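Chemist: Data file entry_21.cif (mmCIF, N, CA, C and O atoms) is appended below.
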```cif
data_entry
loop_
_atom_site.label_atom_id
_atom_site.label_comp_id
_atom_site.auth_asym_id
_atom_site.auth_seq_id
_atom_site.Cartn_x
_atom_site.Cartn_y
_atom_site.Cartn_z
N MET J 253 193.20 108.80 -187.54
CA MET J 253 192.11 108.36 -188.40
C MET J 253 191.65 106.99 -187.93
O MET J 253 192.45 106.16 -187.52
N ILE J 254 190.35 106.75 -187.99
CA ILE J 254 189.74 105.48 -187.60
C ILE J 254 189.01 104.89 -188.81
O ILE J 254 188.25 105.59 -189.49
N VAL J 255 189.26 103.62 -189.06
CA VAL J 255 188.53 102.87 -190.08
C VAL J 255 187.49 102.03 -189.33
O VAL J 255 187.84 101.29 -188.41
N ARG J 256 186.25 102.15 -189.70
CA ARG J 256 185.17 101.40 -189.05
C ARG J 256 184.53 100.47 -190.07
O ARG J 256 184.07 100.91 -191.13
N LEU J 257 184.51 99.19 -189.75
CA LEU J 257 183.86 98.18 -190.58
C LEU J 257 182.74 97.55 -189.76
O LEU J 257 182.97 97.11 -188.63
N VAL J 258 181.55 97.51 -190.34
CA VAL J 258 180.41 96.89 -189.66
C VAL J 258 179.79 95.89 -190.63
O VAL J 258 179.26 96.27 -191.68
N ARG J 259 179.88 94.61 -190.27
CA ARG J 259 179.34 93.52 -191.09
C ARG J 259 177.89 93.28 -190.68
O ARG J 259 177.60 93.01 -189.51
N LEU J 260 177.01 93.35 -191.66
CA LEU J 260 175.57 93.22 -191.43
C LEU J 260 175.03 92.02 -192.20
O LEU J 260 175.01 92.03 -193.43
N SER J 261 174.64 91.00 -191.48
CA SER J 261 174.00 89.83 -192.09
C SER J 261 172.51 90.10 -192.10
O SER J 261 171.86 90.16 -191.05
N LEU J 262 171.98 90.29 -193.28
CA LEU J 262 170.59 90.72 -193.43
C LEU J 262 169.68 89.57 -193.87
O LEU J 262 170.13 88.61 -194.51
N ARG J 263 168.41 89.68 -193.49
CA ARG J 263 167.43 88.74 -194.01
C ARG J 263 167.29 89.00 -195.51
O ARG J 263 167.21 90.18 -195.92
N PRO J 264 167.27 87.97 -196.34
CA PRO J 264 167.15 88.20 -197.79
C PRO J 264 165.95 89.05 -198.17
O PRO J 264 166.03 89.88 -199.07
N ASP J 265 164.85 88.90 -197.44
CA ASP J 265 163.65 89.68 -197.77
C ASP J 265 163.78 91.14 -197.34
O ASP J 265 162.93 91.96 -197.69
N ALA J 266 164.83 91.48 -196.60
CA ALA J 266 165.02 92.85 -196.12
C ALA J 266 166.09 93.61 -196.89
O ALA J 266 166.31 94.80 -196.63
N LEU J 267 166.76 92.96 -197.84
CA LEU J 267 167.87 93.59 -198.55
C LEU J 267 167.46 94.89 -199.24
O LEU J 267 168.14 95.91 -199.12
N GLU J 268 166.38 94.86 -199.96
CA GLU J 268 165.95 96.04 -200.69
C GLU J 268 165.62 97.19 -199.74
O GLU J 268 166.05 98.33 -199.94
N ALA J 269 164.89 96.90 -198.67
CA ALA J 269 164.54 97.93 -197.69
C ALA J 269 165.79 98.48 -197.02
O ALA J 269 165.90 99.70 -196.80
N PHE J 270 166.75 97.61 -196.72
CA PHE J 270 167.99 98.08 -196.10
C PHE J 270 168.74 99.02 -197.03
O PHE J 270 169.20 100.09 -196.63
N GLN J 271 168.87 98.64 -198.29
CA GLN J 271 169.62 99.48 -199.22
C GLN J 271 168.92 100.81 -199.45
O GLN J 271 169.58 101.83 -199.61
N GLU J 272 167.60 100.81 -199.44
CA GLU J 272 166.86 102.07 -199.55
C GLU J 272 167.11 102.95 -198.33
O GLU J 272 167.33 104.16 -198.46
N LEU J 273 167.12 102.35 -197.14
CA LEU J 273 167.39 103.10 -195.92
C LEU J 273 168.81 103.65 -195.93
O LEU J 273 169.04 104.81 -195.59
N PHE J 274 169.77 102.84 -196.35
CA PHE J 274 171.16 103.30 -196.40
C PHE J 274 171.29 104.45 -197.40
O PHE J 274 171.91 105.47 -197.09
N ALA J 275 170.70 104.29 -198.58
CA ALA J 275 170.78 105.35 -199.59
C ALA J 275 170.16 106.65 -199.08
O ALA J 275 170.69 107.73 -199.34
N ALA J 276 169.08 106.54 -198.34
CA ALA J 276 168.41 107.74 -197.81
C ALA J 276 169.20 108.37 -196.66
O ALA J 276 169.05 109.57 -196.40
N SER J 277 170.05 107.59 -195.99
CA SER J 277 170.78 108.06 -194.81
C SER J 277 172.21 108.50 -195.08
O SER J 277 172.78 109.27 -194.31
N CYS J 278 172.82 107.99 -196.15
CA CYS J 278 174.27 108.14 -196.31
C CYS J 278 174.72 109.60 -196.42
O CYS J 278 175.75 109.96 -195.85
N ASP J 279 173.98 110.45 -197.08
CA ASP J 279 174.40 111.86 -197.18
C ASP J 279 174.42 112.54 -195.82
O ASP J 279 175.34 113.30 -195.51
N THR J 280 173.41 112.24 -195.00
CA THR J 280 173.37 112.82 -193.66
C THR J 280 174.54 112.31 -192.82
O THR J 280 175.18 113.09 -192.10
N ILE J 281 174.81 111.02 -192.89
CA ILE J 281 175.93 110.45 -192.13
C ILE J 281 177.24 111.08 -192.57
O ILE J 281 178.08 111.45 -191.74
N ARG J 282 177.43 111.23 -193.87
CA ARG J 282 178.67 111.81 -194.40
C ARG J 282 178.88 113.25 -193.93
O ARG J 282 180.00 113.74 -193.90
N GLN J 283 177.79 113.93 -193.56
CA GLN J 283 177.90 115.31 -193.10
C GLN J 283 178.19 115.44 -191.61
O GLN J 283 178.43 116.55 -191.13
N PHE J 284 178.20 114.31 -190.89
CA PHE J 284 178.54 114.39 -189.47
C PHE J 284 179.97 114.84 -189.31
O PHE J 284 180.85 114.44 -190.08
N PRO J 285 180.25 115.69 -188.31
CA PRO J 285 181.62 116.14 -188.07
C PRO J 285 182.56 114.94 -187.88
O PRO J 285 182.27 114.03 -187.12
N GLY J 286 183.64 114.95 -188.66
CA GLY J 286 184.64 113.90 -188.54
C GLY J 286 184.48 112.75 -189.51
O GLY J 286 185.38 111.93 -189.64
N CYS J 287 183.34 112.64 -190.18
CA CYS J 287 183.16 111.56 -191.16
C CYS J 287 183.86 111.96 -192.46
O CYS J 287 183.57 112.99 -193.06
N MET J 288 184.80 111.14 -192.86
CA MET J 288 185.60 111.44 -194.05
C MET J 288 185.18 110.60 -195.26
O MET J 288 185.45 110.98 -196.40
N ARG J 289 184.53 109.46 -195.01
CA ARG J 289 184.14 108.57 -196.11
C ARG J 289 183.12 107.57 -195.59
O ARG J 289 183.18 107.16 -194.44
N LEU J 290 182.21 107.14 -196.45
CA LEU J 290 181.22 106.13 -196.11
C LEU J 290 180.87 105.35 -197.38
O LEU J 290 180.56 105.95 -198.40
N GLU J 291 180.97 104.04 -197.29
CA GLU J 291 180.63 103.17 -198.41
C GLU J 291 179.84 101.97 -197.91
O GLU J 291 179.98 101.57 -196.76
N LEU J 292 179.06 101.38 -198.80
CA LEU J 292 178.36 100.14 -198.52
C LEU J 292 178.93 99.08 -199.46
O LEU J 292 178.94 99.27 -200.68
N LEU J 293 179.39 97.97 -198.88
CA LEU J 293 180.01 96.90 -199.65
C LEU J 293 179.14 95.66 -199.59
O LEU J 293 178.51 95.37 -198.57
N GLU J 294 179.14 94.89 -200.69
CA GLU J 294 178.42 93.62 -200.75
C GLU J 294 179.44 92.49 -200.67
O GLU J 294 180.45 92.51 -201.39
N ASP J 295 179.18 91.50 -199.82
CA ASP J 295 180.05 90.34 -199.70
C ASP J 295 179.97 89.52 -200.99
O ASP J 295 178.88 89.17 -201.43
N VAL J 296 181.11 89.21 -201.58
CA VAL J 296 181.16 88.47 -202.84
C VAL J 296 180.61 87.06 -202.69
O VAL J 296 179.99 86.52 -203.60
N GLU J 297 180.82 86.46 -201.52
CA GLU J 297 180.43 85.07 -201.31
C GLU J 297 179.12 84.91 -200.55
O GLU J 297 178.60 83.80 -200.46
N ALA J 298 178.61 85.97 -200.00
CA ALA J 298 177.36 85.91 -199.22
C ALA J 298 176.48 87.08 -199.62
O ALA J 298 176.59 88.17 -199.07
N PRO J 299 175.60 86.90 -200.60
CA PRO J 299 174.84 88.02 -201.16
C PRO J 299 173.92 88.75 -200.19
O PRO J 299 173.51 89.87 -200.47
N ALA J 300 173.61 88.18 -199.04
CA ALA J 300 172.75 88.86 -198.06
C ALA J 300 173.58 89.58 -196.99
O ALA J 300 173.03 90.07 -196.01
N VAL J 301 174.89 89.66 -197.19
CA VAL J 301 175.76 90.33 -196.23
C VAL J 301 176.26 91.63 -196.83
O VAL J 301 176.74 91.67 -197.97
N ARG J 302 176.12 92.70 -196.05
CA ARG J 302 176.65 94.00 -196.43
C ARG J 302 177.62 94.44 -195.34
O ARG J 302 177.48 94.08 -194.17
N THR J 303 178.60 95.23 -195.73
CA THR J 303 179.54 95.80 -194.78
C THR J 303 179.61 97.30 -195.02
O THR J 303 179.77 97.73 -196.16
N THR J 304 179.46 98.06 -193.95
CA THR J 304 179.69 99.49 -194.07
C THR J 304 181.16 99.76 -193.78
O THR J 304 181.74 99.17 -192.87
N TYR J 305 181.73 100.61 -194.60
CA TYR J 305 183.13 101.01 -194.48
C TYR J 305 183.11 102.51 -194.30
O TYR J 305 182.57 103.23 -195.14
N SER J 306 183.64 102.97 -193.17
CA SER J 306 183.67 104.41 -192.96
C SER J 306 185.00 104.84 -192.38
O SER J 306 185.68 104.06 -191.70
N LEU J 307 185.39 106.06 -192.70
CA LEU J 307 186.61 106.67 -192.17
C LEU J 307 186.20 107.85 -191.31
O LEU J 307 185.38 108.67 -191.73
N TRP J 308 186.82 107.93 -190.13
CA TRP J 308 186.52 108.99 -189.18
C TRP J 308 187.81 109.65 -188.74
O TRP J 308 188.84 109.00 -188.63
N GLU J 309 187.75 110.93 -188.49
CA GLU J 309 188.93 111.67 -188.06
C GLU J 309 189.48 111.17 -186.73
O GLU J 309 190.68 111.22 -186.50
N SER J 310 188.59 110.67 -185.85
CA SER J 310 189.02 110.25 -184.52
C SER J 310 187.98 109.32 -183.90
O SER J 310 186.84 109.24 -184.36
N VAL J 311 188.39 108.64 -182.84
CA VAL J 311 187.47 107.82 -182.07
C VAL J 311 186.36 108.70 -181.50
O VAL J 311 185.18 108.31 -181.48
N GLU J 312 186.71 109.90 -181.07
CA GLU J 312 185.72 110.82 -180.50
C GLU J 312 184.65 111.19 -181.53
O GLU J 312 183.46 111.27 -181.18
N ALA J 313 185.05 111.42 -182.77
CA ALA J 313 184.08 111.75 -183.82
C ALA J 313 183.15 110.57 -184.08
O ALA J 313 181.93 110.75 -184.20
N LEU J 314 183.71 109.37 -184.16
CA LEU J 314 182.89 108.17 -184.35
C LEU J 314 181.94 107.99 -183.18
O LEU J 314 180.74 107.74 -183.37
N ASP J 315 182.45 108.13 -181.97
CA ASP J 315 181.60 107.96 -180.79
C ASP J 315 180.49 109.00 -180.73
O ASP J 315 179.35 108.69 -180.34
N ALA J 316 180.80 110.23 -181.12
CA ALA J 316 179.77 111.28 -181.13
C ALA J 316 178.66 110.92 -182.11
O ALA J 316 177.46 111.09 -181.81
N TYR J 317 179.02 110.39 -183.27
CA TYR J 317 178.01 109.95 -184.23
C TYR J 317 177.19 108.80 -183.65
O TYR J 317 175.96 108.80 -183.71
N ARG J 318 177.86 107.83 -183.04
CA ARG J 318 177.17 106.66 -182.50
C ARG J 318 176.24 107.02 -181.34
O ARG J 318 175.29 106.29 -181.06
N GLN J 319 176.49 108.13 -180.67
CA GLN J 319 175.63 108.57 -179.57
C GLN J 319 174.53 109.53 -180.03
O GLN J 319 173.67 109.92 -179.24
N SER J 320 174.54 109.87 -181.32
CA SER J 320 173.57 110.85 -181.83
C SER J 320 172.17 110.25 -181.95
O SER J 320 171.98 109.04 -182.13
N ALA J 321 171.19 111.12 -181.87
CA ALA J 321 169.80 110.71 -182.06
C ALA J 321 169.61 110.15 -183.47
O ALA J 321 168.82 109.21 -183.67
N TYR J 322 170.34 110.70 -184.44
CA TYR J 322 170.20 110.22 -185.82
C TYR J 322 170.64 108.76 -185.93
O TYR J 322 169.93 107.93 -186.50
N PHE J 323 171.81 108.44 -185.39
CA PHE J 323 172.30 107.06 -185.43
C PHE J 323 171.29 106.13 -184.75
O PHE J 323 170.95 105.07 -185.30
N LYS J 324 170.82 106.52 -183.58
CA LYS J 324 169.89 105.67 -182.84
C LYS J 324 168.61 105.42 -183.62
O LYS J 324 168.08 104.31 -183.63
N SER J 325 168.15 106.43 -184.34
CA SER J 325 166.94 106.28 -185.15
C SER J 325 167.16 105.31 -186.31
O SER J 325 166.35 104.41 -186.55
N VAL J 326 168.27 105.48 -187.02
CA VAL J 326 168.57 104.61 -188.16
C VAL J 326 168.83 103.18 -187.68
O VAL J 326 168.36 102.21 -188.29
N TRP J 327 169.57 103.05 -186.58
CA TRP J 327 169.89 101.72 -186.05
C TRP J 327 168.61 100.99 -185.62
O TRP J 327 168.46 99.79 -185.85
N ARG J 328 167.68 101.71 -185.02
CA ARG J 328 166.41 101.14 -184.60
C ARG J 328 165.65 100.58 -185.81
O ARG J 328 165.00 99.54 -185.71
N GLN J 329 165.74 101.25 -186.94
CA GLN J 329 165.07 100.78 -188.16
C GLN J 329 165.82 99.61 -188.80
O GLN J 329 165.21 98.76 -189.45
N THR J 330 167.15 99.57 -188.63
CA THR J 330 167.98 98.55 -189.26
C THR J 330 167.95 97.22 -188.53
O THR J 330 167.91 96.16 -189.16
N LYS J 331 167.97 97.24 -187.21
CA LYS J 331 168.08 96.01 -186.42
C LYS J 331 167.06 94.92 -186.78
O LYS J 331 167.42 93.75 -186.85
N PRO J 332 165.80 95.25 -187.02
CA PRO J 332 164.85 94.18 -187.37
C PRO J 332 165.15 93.49 -188.70
O PRO J 332 164.61 92.43 -188.99
N MET J 333 166.02 94.08 -189.50
CA MET J 333 166.37 93.50 -190.80
C MET J 333 167.48 92.45 -190.70
O MET J 333 167.77 91.77 -191.67
N PHE J 334 168.09 92.31 -189.51
CA PHE J 334 169.23 91.41 -189.35
C PHE J 334 168.81 89.94 -189.30
O PHE J 334 167.82 89.59 -188.66
N ALA J 335 169.64 89.09 -189.91
CA ALA J 335 169.51 87.64 -189.77
C ALA J 335 170.42 87.16 -188.64
O ALA J 335 170.23 86.06 -188.12
N ALA J 336 171.40 87.98 -188.28
CA ALA J 336 172.34 87.69 -187.19
C ALA J 336 172.83 89.03 -186.65
O ALA J 336 172.73 90.05 -187.33
N PRO J 337 173.37 89.04 -185.42
CA PRO J 337 173.86 90.31 -184.88
C PRO J 337 174.96 90.93 -185.74
O PRO J 337 175.76 90.22 -186.37
N ALA J 338 174.99 92.25 -185.79
CA ALA J 338 176.03 92.97 -186.51
C ALA J 338 177.37 92.76 -185.80
O ALA J 338 177.42 92.56 -184.59
N VAL J 339 178.44 92.80 -186.60
CA VAL J 339 179.79 92.66 -186.06
C VAL J 339 180.58 93.90 -186.47
O VAL J 339 180.75 94.15 -187.67
N ALA J 340 181.04 94.68 -185.50
CA ALA J 340 181.73 95.94 -185.79
C ALA J 340 183.16 95.89 -185.27
O ALA J 340 183.43 95.34 -184.20
N HIS J 341 184.07 96.48 -186.06
CA HIS J 341 185.47 96.59 -185.68
C HIS J 341 185.97 97.98 -186.07
O HIS J 341 185.60 98.50 -187.13
N SER J 342 186.82 98.53 -185.23
CA SER J 342 187.47 99.82 -185.54
C SER J 342 188.97 99.57 -185.63
O SER J 342 189.53 98.82 -184.84
N TYR J 343 189.61 100.27 -186.58
CA TYR J 343 191.04 100.11 -186.82
C TYR J 343 191.70 101.46 -186.98
O TYR J 343 191.07 102.42 -187.41
N ARG J 344 192.99 101.49 -186.66
CA ARG J 344 193.83 102.65 -186.96
C ARG J 344 194.83 102.21 -188.03
O ARG J 344 195.47 101.17 -187.86
N PRO J 345 194.97 102.96 -189.09
CA PRO J 345 195.98 102.59 -190.09
C PRO J 345 197.38 102.62 -189.47
O PRO J 345 197.71 103.52 -188.69
N VAL J 346 198.18 101.62 -189.81
CA VAL J 346 199.55 101.54 -189.31
C VAL J 346 200.52 101.94 -190.40
O VAL J 346 201.42 102.74 -190.19
N ILE J 347 200.31 101.36 -191.58
CA ILE J 347 201.15 101.69 -192.73
C ILE J 347 200.22 101.96 -193.91
O ILE J 347 199.40 101.13 -194.27
N ALA J 348 200.33 103.14 -194.47
CA ALA J 348 199.52 103.48 -195.65
C ALA J 348 200.39 103.27 -196.89
O ALA J 348 201.57 103.61 -196.89
N VAL J 349 199.79 102.70 -197.91
CA VAL J 349 200.53 102.47 -199.16
C VAL J 349 199.92 103.26 -200.28
O VAL J 349 198.83 103.70 -200.22
#
```
Re-express the file's structure as structure tokens.
Modeler:
Amino acid sequence: MIVRLVRLSLRPDALEAFQELFAASCDTIRQFPGCMRLELLEDVEAPAVRTTYSLWESVEALDAYRQSAYFKSVWRQTKPMFAAPAVAHSYRPVIAV
């Protein structure tokens, strides 16, 4: 299993448009093979920062999604909304509690 966190620093004037785009996209993303969970988180201390939290069955499943035409289309729409470059990290759980 892969945990993917992507921190998105958004322009304050783009927050509403971003959340609308995410809401319109999340069901499709969740249906990609290997996607087990997808959430959008708001930073408690930075209201213009959102983090996507997703669980994937494997690195291959995540990579297949990231190479898809759908991802490229959504990412192309999202990038102009950034105040700073996105920061992405992938993790493997070591100990589950």
Chemist: So which residues get picked by the PyMOL selection byres ((chain J and resi 298-303) around 4.5) here, written as a list of chain:residue names?
Modeler: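 With the shown file as input, the PyMOL selection byres ((chain J and resi 298-303) around 4.5) matches J:Val258, J:Arg259, J:Leu260, J:Ser261, J:Leu262, J:Glu291, J:Leu292, J:Leu293, J:Glu294, J:Asp295, J:Val296, J:Glu297, J:Thr304, J:Tyr305.
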Chemist: One number please: atom CA of J:Ala348 to atom CA of J:Glu312, in Å, one decimal.
Modeler: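 Interatomic distance, atom CA of J:Ala348 to atom CA of J:Glu312: 21.8 Å.
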Chemist: For J:Ser342, which residue among J:Ala275, J:Leu267, J:Ile281, J:Val311 is the nearest when counting only C-alpha atoms?
Modeler: J:Val311
Chemist: Starting from the displayed file, determine the output of the PyMOL selection byres ((chain J and resi 330-336) around 7) and express the residue list as a ChimeraX atom specification.
Modeler: /J:259-267,270,324-329,337-339
Chemist: Care to translate the PyMOL selection byres ((chain J and resi 285) around 8) into actual residues of this file, as a list of chain:residue names?
Modeler: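 Checked against the file, the PyMOL selection byres ((chain J and resi 285) around 8) matches J:Thr280, J:Ile281, J:Arg282, J:Gln283, J:Phe284, J:Gly286, J:Cys287, J:Met288, J:Leu307, J:Trp308, J:Glu309, J:Ser310, J:Glu312, J:Ala313, J:Leu314, J:Asp315, J:Ala316, J:Tyr317.
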Chemist: If you measure from atom CA of J:Arg289 to atom CA of J:Ile254, what distance in Å do you get, rounded to one decimal?
Modeler: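 Taking atom CA of J:Arg289 as the start and atom CA of J:Ile254 as the end point, the length is 10.6 Å.
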Chemist: Expressed in Å to a single decimal, how great is the separation between atom N of J:Cys278 and atom O of J:Leu290?
Modeler: 8.3 Å
Chemist: Using all atoms listed in the file, pick whichever of J:Ala321, J:Ala276, J:Ala269, J:Leu257 has the shortest atom-to-atom distance to J:Ala340.
Modeler: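 For J:Ala340, the nearest of the given residues is J:Leu257.
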Chemist: Using backbone DSSP assignments, extract all alpha helix (DSSP H) residues from chain J; output them as a PyMOL selection string.
Modeler: chain J and resi 267-282+311-318+321-330
Chemist: Complete the atom set of stretch 325-336 of chain J to all heavy atoms and return it as a PDB file, keeping the file's coordinate frame.
Modeler:
```pdb
ATOM      1  N   SER J 325     168.150 106.430-184.340  1.00  0.00           N
ATOM      2  CA  SER J 325     166.940 106.280-185.150  1.00  0.00           C
ATOM      3  C   SER J 325     167.160 105.310-186.310  1.00  0.00           C
ATOM      4  O   SER J 325     166.350 104.410-186.550  1.00  0.00           O
ATOM      5  CB  SER J 325     166.506 107.644-185.687  1.00  0.00           C
ATOM      6  OG  SER J 325     165.467 107.496-186.621  1.00  0.00           O
ATOM      7  N   VAL J 326     168.270 105.480-187.020  1.00  0.00           N
ATOM      8  CA  VAL J 326     168.570 104.610-188.160  1.00  0.00           C
ATOM      9  C   VAL J 326     168.830 103.180-187.680  1.00  0.00           C
ATOM     10  O   VAL J 326     168.360 102.210-188.290  1.00  0.00           O
ATOM     11  CB  VAL J 326     169.757 105.154-188.987  1.00  0.00           C
ATOM     12  CG1 VAL J 326     170.201 104.161-190.040  1.00  0.00           C
ATOM     13  CG2 VAL J 326     169.380 106.480-189.640  1.00  0.00           C
ATOM     14  N   TRP J 327     169.570 103.050-186.580  1.00  0.00           N
ATOM     15  CA  TRP J 327     169.890 101.720-186.050  1.00  0.00           C
ATOM     16  C   TRP J 327     168.610 100.990-185.620  1.00  0.00           C
ATOM     17  O   TRP J 327     168.460  99.790-185.850  1.00  0.00           O
ATOM     18  CB  TRP J 327     170.865 101.839-184.892  1.00  0.00           C
ATOM     19  CG  TRP J 327     171.504 100.535-184.529  1.00  0.00           C
ATOM     20  CD1 TRP J 327     171.331  99.844-183.373  1.00  0.00           C
ATOM     21  CD2 TRP J 327     172.424  99.775-185.308  1.00  0.00           C
ATOM     22  NE1 TRP J 327     172.089  98.699-183.380  1.00  0.00           N
ATOM     23  CE2 TRP J 327     172.763  98.625-184.555  1.00  0.00           C
ATOM     24  CE3 TRP J 327     172.992  99.944-186.562  1.00  0.00           C
ATOM     25  CZ2 TRP J 327     173.647  97.651-185.023  1.00  0.00           C
ATOM     26  CZ3 TRP J 327     173.873  98.979-187.028  1.00  0.00           C
ATOM     27  CH2 TRP J 327     174.185  97.859-186.262  1.00  0.00           C
ATOM     28  N   ARG J 328     167.680 101.710-185.020  1.00  0.00           N
ATOM     29  CA  ARG J 328     166.410 101.140-184.600  1.00  0.00           C
ATOM     30  C   ARG J 328     165.650 100.580-185.810  1.00  0.00           C
ATOM     31  O   ARG J 328     165.000  99.540-185.710  1.00  0.00           O
ATOM     32  CB  ARG J 328     165.591 102.210-183.884  1.00  0.00           C
ATOM     33  CG  ARG J 328     164.569 101.697-182.933  1.00  0.00           C
ATOM     34  CD  ARG J 328     163.889 102.760-182.061  1.00  0.00           C
ATOM     35  NE  ARG J 328     164.074 104.161-182.423  1.00  0.00           N
ATOM     36  CZ  ARG J 328     164.887 105.015-181.787  1.00  0.00           C
ATOM     37  NH1 ARG J 328     165.592 104.620-180.766  1.00  0.00           N
ATOM     38  NH2 ARG J 328     164.990 106.257-182.179  1.00  0.00           N
ATOM     39  N   GLN J 329     165.740 101.250-186.940  1.00  0.00           N
ATOM     40  CA  GLN J 329     165.070 100.780-188.160  1.00  0.00           C
ATOM     41  C   GLN J 329     165.820  99.610-188.800  1.00  0.00           C
ATOM     42  O   GLN J 329     165.210  98.760-189.450  1.00  0.00           O
ATOM     43  CB  GLN J 329     164.989 101.921-189.176  1.00  0.00           C
ATOM     44  CG  GLN J 329     164.112 103.067-188.750  1.00  0.00           C
ATOM     45  CD  GLN J 329     164.220 104.218-189.724  1.00  0.00           C
ATOM     46  OE1 GLN J 329     163.776 104.094-190.865  1.00  0.00           O
ATOM     47  NE2 GLN J 329     164.821 105.316-189.299  1.00  0.00           N
ATOM     48  N   THR J 330     167.150  99.570-188.630  1.00  0.00           N
ATOM     49  CA  THR J 330     167.980  98.550-189.260  1.00  0.00           C
ATOM     50  C   THR J 330     167.950  97.220-188.530  1.00  0.00           C
ATOM     51  O   THR J 330     167.910  96.160-189.160  1.00  0.00           O
ATOM     52  CB  THR J 330     169.443  99.062-189.346  1.00  0.00           C
ATOM     53  OG1 THR J 330     169.462 100.310-190.039  1.00  0.00           O
ATOM     54  CG2 THR J 330     170.330  98.078-190.064  1.00  0.00           C
ATOM     55  N   LYS J 331     167.970  97.240-187.210  1.00  0.00           N
ATOM     56  CA  LYS J 331     168.080  96.010-186.420  1.00  0.00           C
ATOM     57  C   LYS J 331     167.060  94.920-186.780  1.00  0.00           C
ATOM     58  O   LYS J 331     167.420  93.750-186.850  1.00  0.00           O
ATOM     59  CB  LYS J 331     168.037  96.317-184.931  1.00  0.00           C
ATOM     60  CG  LYS J 331     169.361  96.829-184.410  1.00  0.00           C
ATOM     61  CD  LYS J 331     169.321  97.077-182.924  1.00  0.00           C
ATOM     62  CE  LYS J 331     169.455  95.775-182.185  1.00  0.00           C
ATOM     63  NZ  LYS J 331     169.627  95.945-180.736  1.00  0.00           N
ATOM     64  N   PRO J 332     165.800  95.250-187.020  1.00  0.00           N
ATOM     65  CA  PRO J 332     164.850  94.180-187.370  1.00  0.00           C
ATOM     66  C   PRO J 332     165.150  93.490-188.700  1.00  0.00           C
ATOM     67  O   PRO J 332     164.610  92.430-188.990  1.00  0.00           O
ATOM     68  CB  PRO J 332     163.499  94.915-187.436  1.00  0.00           C
ATOM     69  CG  PRO J 332     163.686  96.161-186.646  1.00  0.00           C
ATOM     70  CD  PRO J 332     165.127  96.536-186.812  1.00  0.00           C
ATOM     71  N   MET J 333     166.020  94.080-189.500  1.00  0.00           N
ATOM     72  CA  MET J 333     166.370  93.500-190.800  1.00  0.00           C
ATOM     73  C   MET J 333     167.480  92.450-190.700  1.00  0.00           C
ATOM     74  O   MET J 333     167.770  91.770-191.670  1.00  0.00           O
ATOM     75  CB  MET J 333     166.814  94.602-191.758  1.00  0.00           C
ATOM     76  CG  MET J 333     165.768  95.637-192.028  1.00  0.00           C
ATOM     77  SD  MET J 333     166.390  96.884-193.179  1.00  0.00           S
ATOM     78  CE  MET J 333     165.212  98.184-192.949  1.00  0.00           C
ATOM     79  N   PHE J 334     168.090  92.310-189.510  1.00  0.00           N
ATOM     80  CA  PHE J 334     169.230  91.410-189.350  1.00  0.00           C
ATOM     81  C   PHE J 334     168.810  89.940-189.300  1.00  0.00           C
ATOM     82  O   PHE J 334     167.820  89.590-188.660  1.00  0.00           O
ATOM     83  CB  PHE J 334     169.992  91.712-188.061  1.00  0.00           C
ATOM     84  CG  PHE J 334     170.703  93.032-188.037  1.00  0.00           C
ATOM     85  CD1 PHE J 334     171.110  93.570-186.837  1.00  0.00           C
ATOM     86  CD2 PHE J 334     170.968  93.740-189.190  1.00  0.00           C
ATOM     87  CE1 PHE J 334     171.778  94.781-186.773  1.00  0.00           C
ATOM     88  CE2 PHE J 334     171.625  94.955-189.150  1.00  0.00           C
ATOM     89  CZ  PHE J 334     172.032  95.469-187.942  1.00  0.00           C
ATOM     90  N   ALA J 335     169.640  89.090-189.910  1.00  0.00           N
ATOM     91  CA  ALA J 335     169.510  87.640-189.770  1.00  0.00           C
ATOM     92  C   ALA J 335     170.420  87.160-188.640  1.00  0.00           C
ATOM     93  O   ALA J 335     170.230  86.060-188.120  1.00  0.00           O
ATOM     94  CB  ALA J 335     169.894  86.954-191.083  1.00  0.00           C
ATOM     95  N   ALA J 336     171.400  87.980-188.280  1.00  0.00           N
ATOM     96  CA  ALA J 336     172.340  87.690-187.190  1.00  0.00           C
ATOM     97  C   ALA J 336     172.830  89.030-186.650  1.00  0.00           C
ATOM     98  O   ALA J 336     172.730  90.050-187.330  1.00  0.00           O
ATOM     99  CB  ALA J 336     173.512  86.870-187.721  1.00  0.00           C
TER     100      ALA J 336
END
```
